[in-house]
Amino acid sequence: MNEYEEEPSFQVLYPKPKNKVRHLPPEISRLVEKAEAVKHIDYGFFAIAVGRTLEAVFQSYDVKAKMLDGQIKELKDKGILPDQIAKIAIGIKSFRNLGAHYKEGEVSKTDAEMIHDLVILILEYLYEVPGRIRSLESRSKG
């Protein structure tokens, strides 16, 4: 390569991220990216990775429970998760279990798309909405 040639640069155009939630802590963002990376390889592994992501999200709220069921209940009892969001988290946990256990069945592409949409909804509720409220409040005080 001579002095007039530049190293090529690349930008990934496809697959585009389906949903990008702002205001995520770096560790949660990393886990979401890892889950999305395996989605098109194995839907069951994707469900497991999403369950792991939820565990990290819920543990960031200093829950005492070790298991996902208990974490969901604890956050619901504390008023952090409303009933409908808690039900969504329990549903995702069920698909995580389906993906983790060989003889229980398979997570389908349709299931994976739904799981993805629902985990994004939870992340938006816990991170995006509070971030937007903070932005709104700072602009209105402006």
# chains A, B, ... in the order shown; residues from 1 in each chain; ligands from 1
call {"tool": "select_by_dssp", "arguments": {"residues": "range 56-108 of chain A", "states": "alpha helix (DSSP H)", "output": "ChimeraX atom specification"}}
result
/A:56-59,68-77,83-100
call {"tool": "closest_atom_pairs", "arguments": {"of": "range 22-47 of chain A", "to": "range 96-103 of chain A", "cutoff": "7 Å", "atoms": "only C-alpha atoms", "output": "CSV"}}
result
residue,atom,partner,partner_atom,distance
A:Gly44,CA,A:Gly99,CA,3.9
A:Phe45,CA,A:Gly99,CA,6.2
A:Ala47,CA,A:Arg96,CA,4.6
call {"tool": "write_last_selection", "arguments": {"atoms": "C-alpha atoms", "output": "mmCIF file, in the first residue's frame"}}
result
data_model
loop_
_atom_site.group_PDB
_atom_site.id
_atom_site.type_symbol
_atom_site.label_atom_id
_atom_site.label_comp_id
_atom_site.auth_asym_id
_atom_site.auth_seq_id
_atom_site.Cartn_x
_atom_site.Cartn_y
_atom_site.Cartn_z
ATOM 1 C CA GLY A 44 -33.249 -21.097 21.701
ATOM 2 C CA PHE A 45 -29.842 -19.585 22.464
ATOM 3 C CA ALA A 47 -34.078 -16.848 24.401
#
call {"tool": "closest_residue", "arguments": {"among": "A:Val21, A:Ala56, A:Ile122, A:Val63", "to": "Asp83 in chain A", "atoms": "only C-alpha atoms"}}
result
A:Ile122
call {"tool": "closest_residue", "arguments": {"among": "A:Ala89, A:Ile48, A:Ile80, A:Ala35", "to": "Glu106 in chain A", "atoms": "only C-alpha atoms"}}
result
A:Ile48
call {"tool": "closest_residue", "arguments": {"among": "A:Lys34, A:Ser108, A:Ala49, A:Tyr125", "to": "Pro82 in chain A", "atoms": "only C-alpha atoms"}}
result
A:Tyr125
call {"tool": "closest_residue", "arguments": {"among": "A:Ile41, A:Ile92, A:Val57, A:Val129", "to": "Leu75 in chain A", "atoms": "only C-alpha atoms"}}
result
A:Val57
call {"tool": "residues_around", "arguments": {"residues": "Ile85 in chain A", "least_positions_apart": "4", "cutoff": "12 Å", "atoms": "only C-alpha atoms", "output": "ChimeraX atom specification"}}
result
/A:72-73,75-76,79-81,89-92,118-126
call {"tool": "write_last_selection", "arguments": {"atoms": "C-alpha atoms", "output": "CSV table (one decimal), in the first residue's frame"}}
result
chain,number,residue,atom,x,y,z
A,72,ILE,CA,-39.5,-10.4,39.0
A,73,LYS,CA,-41.7,-10.7,42.1
A,75,LEU,CA,-39.4,-5.8,41.6
A,76,LYS,CA,-43.1,-6.0,41.2
A,79,GLY,CA,-43.4,-1.1,42.5
A,80,ILE,CA,-40.6,-1.0,40.0
A,81,LEU,CA,-42.3,-3.4,37.6
A,89,ALA,CA,-40.9,-10.9,32.1
A,90,ILE,CA,-42.4,-14.1,33.3
A,91,GLY,CA,-43.4,-15.0,29.7
A,92,ILE,CA,-39.8,-14.3,28.5
A,118,LEU,CA,-41.0,-7.8,24.5
A,119,VAL,CA,-37.5,-7.4,26.0
A,120,ILE,CA,-37.2,-4.1,24.1
A,121,LEU,CA,-40.5,-3.0,25.7
A,122,ILE,CA,-39.1,-3.9,29.2
A,123,LEU,CA,-35.9,-2.1,28.5
A,124,GLU,CA,-37.7,1.0,27.2
A,125,TYR,CA,-39.9,1.0,30.3
A,126,LEU,CA,-37.0,0.7,32.7
call {"tool": "residues_around", "arguments": {"residues": "Glu27 in chain A", "least_positions_apart": "6", "cutoff": "12 Å", "atoms": "only C-alpha atoms", "output": "list in words"}}
result
Glu33, Lys34, Arg52, Thr53, Leu54, Glu55, Ala56, Val57, Gln59 and Ser60 of chain A
call {"tool": "closest_residue", "arguments": {"among": "A:Lys64, A:Glu128, A:Val50, A:Leu31", "to": "Glu113 in chain A", "atoms": "only C-alpha atoms"}}
result
A:Val50
call {"tool": "decode", "arguments": {"residues": "range 6-124 of chain A", "atoms": "C-alpha atoms", "output": "compact mmCIF listing (two decimals), in the first residue's frame"}}
result
# COMPACT_ATOMS: atom_id res chain seq x y z
CA GLU A 6 -6.22 4.51 2.43
CA GLU A 7 -7.26 1.50 4.41
CA PRO A 8 -10.80 0.57 3.42
CA SER A 9 -13.44 1.23 6.00
CA PHE A 10 -16.59 -0.76 6.40
CA GLN A 11 -20.00 0.02 7.78
CA VAL A 12 -22.49 -2.73 8.53
CA LEU A 13 -25.71 -1.90 6.72
CA TYR A 14 -27.49 -5.19 7.32
CA PRO A 15 -28.79 -6.46 9.61
CA LYS A 16 -29.84 -3.15 11.02
CA PRO A 17 -30.62 -3.14 14.74
CA LYS A 18 -34.37 -3.64 15.11
CA ASN A 19 -34.70 -1.40 18.12
CA LYS A 20 -32.10 0.72 19.81
CA VAL A 21 -32.92 1.64 23.38
CA ARG A 22 -31.07 4.71 24.57
CA HIS A 23 -29.97 5.29 28.16
CA LEU A 24 -28.90 1.65 28.68
CA PRO A 25 -26.00 1.04 31.04
CA PRO A 26 -22.98 -0.22 29.05
CA GLU A 27 -23.13 -3.76 30.50
CA ILE A 28 -26.83 -4.12 29.64
CA SER A 29 -26.21 -2.76 26.15
CA ARG A 30 -23.42 -5.31 25.68
CA LEU A 31 -25.70 -8.16 26.77
CA VAL A 32 -28.46 -7.00 24.39
CA GLU A 33 -25.96 -6.93 21.52
CA LYS A 34 -24.75 -10.44 22.39
CA ALA A 35 -28.31 -11.74 22.46
CA GLU A 36 -29.10 -10.10 19.13
CA ALA A 37 -25.90 -11.60 17.65
CA VAL A 38 -27.13 -15.17 18.26
CA LYS A 39 -30.76 -14.57 17.31
CA HIS A 40 -30.32 -15.60 13.68
CA ILE A 41 -28.10 -18.54 14.60
CA ASP A 42 -30.29 -20.29 17.17
CA TYR A 43 -33.60 -19.04 18.53
CA GLY A 44 -33.25 -21.10 21.70
CA PHE A 45 -29.84 -19.58 22.46
CA PHE A 46 -31.35 -16.16 21.80
CA ALA A 47 -34.08 -16.85 24.40
CA ILE A 48 -31.42 -17.94 26.89
CA ALA A 49 -29.35 -14.80 26.21
CA VAL A 50 -32.41 -12.59 26.66
CA GLY A 51 -33.14 -14.29 29.99
CA ARG A 52 -29.55 -13.61 31.03
CA THR A 53 -29.98 -9.98 30.01
CA LEU A 54 -33.11 -9.69 32.17
CA GLU A 55 -31.21 -11.16 35.12
CA ALA A 56 -28.55 -8.47 34.72
CA VAL A 57 -31.18 -5.74 34.40
CA PHE A 58 -33.04 -6.88 37.51
CA GLN A 59 -29.84 -7.39 39.53
CA SER A 60 -28.92 -3.78 38.79
CA TYR A 61 -31.88 -2.91 41.03
CA ASP A 62 -30.18 -4.68 43.96
CA VAL A 63 -32.66 -7.52 44.22
CA LYS A 64 -32.02 -10.12 46.87
CA ALA A 65 -33.55 -13.03 44.92
CA LYS A 66 -31.17 -15.25 42.94
CA MET A 67 -33.69 -16.76 40.51
CA LEU A 68 -35.45 -14.79 37.79
CA ASP A 69 -38.93 -15.60 39.17
CA GLY A 70 -37.99 -14.17 42.55
CA GLN A 71 -36.37 -11.11 40.99
CA ILE A 72 -39.51 -10.35 39.00
CA LYS A 73 -41.69 -10.75 42.09
CA GLU A 74 -39.38 -8.58 44.18
CA LEU A 75 -39.36 -5.76 41.61
CA LYS A 76 -43.14 -6.02 41.24
CA ASP A 77 -43.56 -5.84 45.02
CA LYS A 78 -41.28 -2.78 45.17
CA GLY A 79 -43.40 -1.07 42.51
CA ILE A 80 -40.57 -0.98 39.97
CA LEU A 81 -42.33 -3.39 37.61
CA PRO A 82 -46.04 -2.90 37.06
CA ASP A 83 -48.15 -6.05 36.79
CA GLN A 84 -48.25 -6.10 32.97
CA ILE A 85 -44.46 -5.71 32.62
CA ALA A 86 -43.95 -8.42 35.26
CA LYS A 87 -46.21 -10.77 33.25
CA ILE A 88 -44.14 -10.06 30.14
CA ALA A 89 -40.93 -10.86 32.05
CA ILE A 90 -42.43 -14.14 33.29
CA GLY A 91 -43.38 -15.02 29.71
CA ILE A 92 -39.83 -14.34 28.53
CA LYS A 93 -38.52 -16.51 31.37
CA SER A 94 -40.72 -19.36 30.12
CA PHE A 95 -39.19 -19.10 26.65
CA ARG A 96 -35.72 -18.93 28.19
CA ASN A 97 -36.47 -22.23 29.94
CA LEU A 98 -37.81 -23.69 26.69
CA GLY A 99 -34.57 -22.75 24.94
CA ALA A 100 -32.42 -24.12 27.75
CA HIS A 101 -33.91 -27.60 28.05
CA TYR A 102 -33.46 -30.13 25.26
CA LYS A 103 -36.67 -32.12 25.54
CA GLU A 104 -39.11 -29.30 26.26
CA GLY A 105 -39.50 -28.11 22.67
CA GLU A 106 -38.07 -25.48 20.38
CA VAL A 107 -38.17 -21.70 20.32
CA SER A 108 -39.44 -20.72 16.86
CA LYS A 109 -38.54 -17.71 14.73
CA THR A 110 -41.95 -16.22 15.58
CA ASP A 111 -41.25 -16.80 19.29
CA ALA A 112 -37.84 -15.14 18.96
CA GLU A 113 -39.33 -12.07 17.24
CA MET A 114 -41.93 -11.77 19.99
CA ILE A 115 -39.30 -12.24 22.72
CA HIS A 116 -37.19 -9.53 21.11
CA ASP A 117 -40.09 -7.09 20.93
CA LEU A 118 -41.04 -7.78 24.54
CA VAL A 119 -37.55 -7.45 25.99
CA ILE A 120 -37.19 -4.14 24.13
CA LEU A 121 -40.48 -3.05 25.71
CA ILE A 122 -39.14 -3.90 29.19
CA LEU A 123 -35.87 -2.07 28.51
CA GLU A 124 -37.73 0.96 27.20
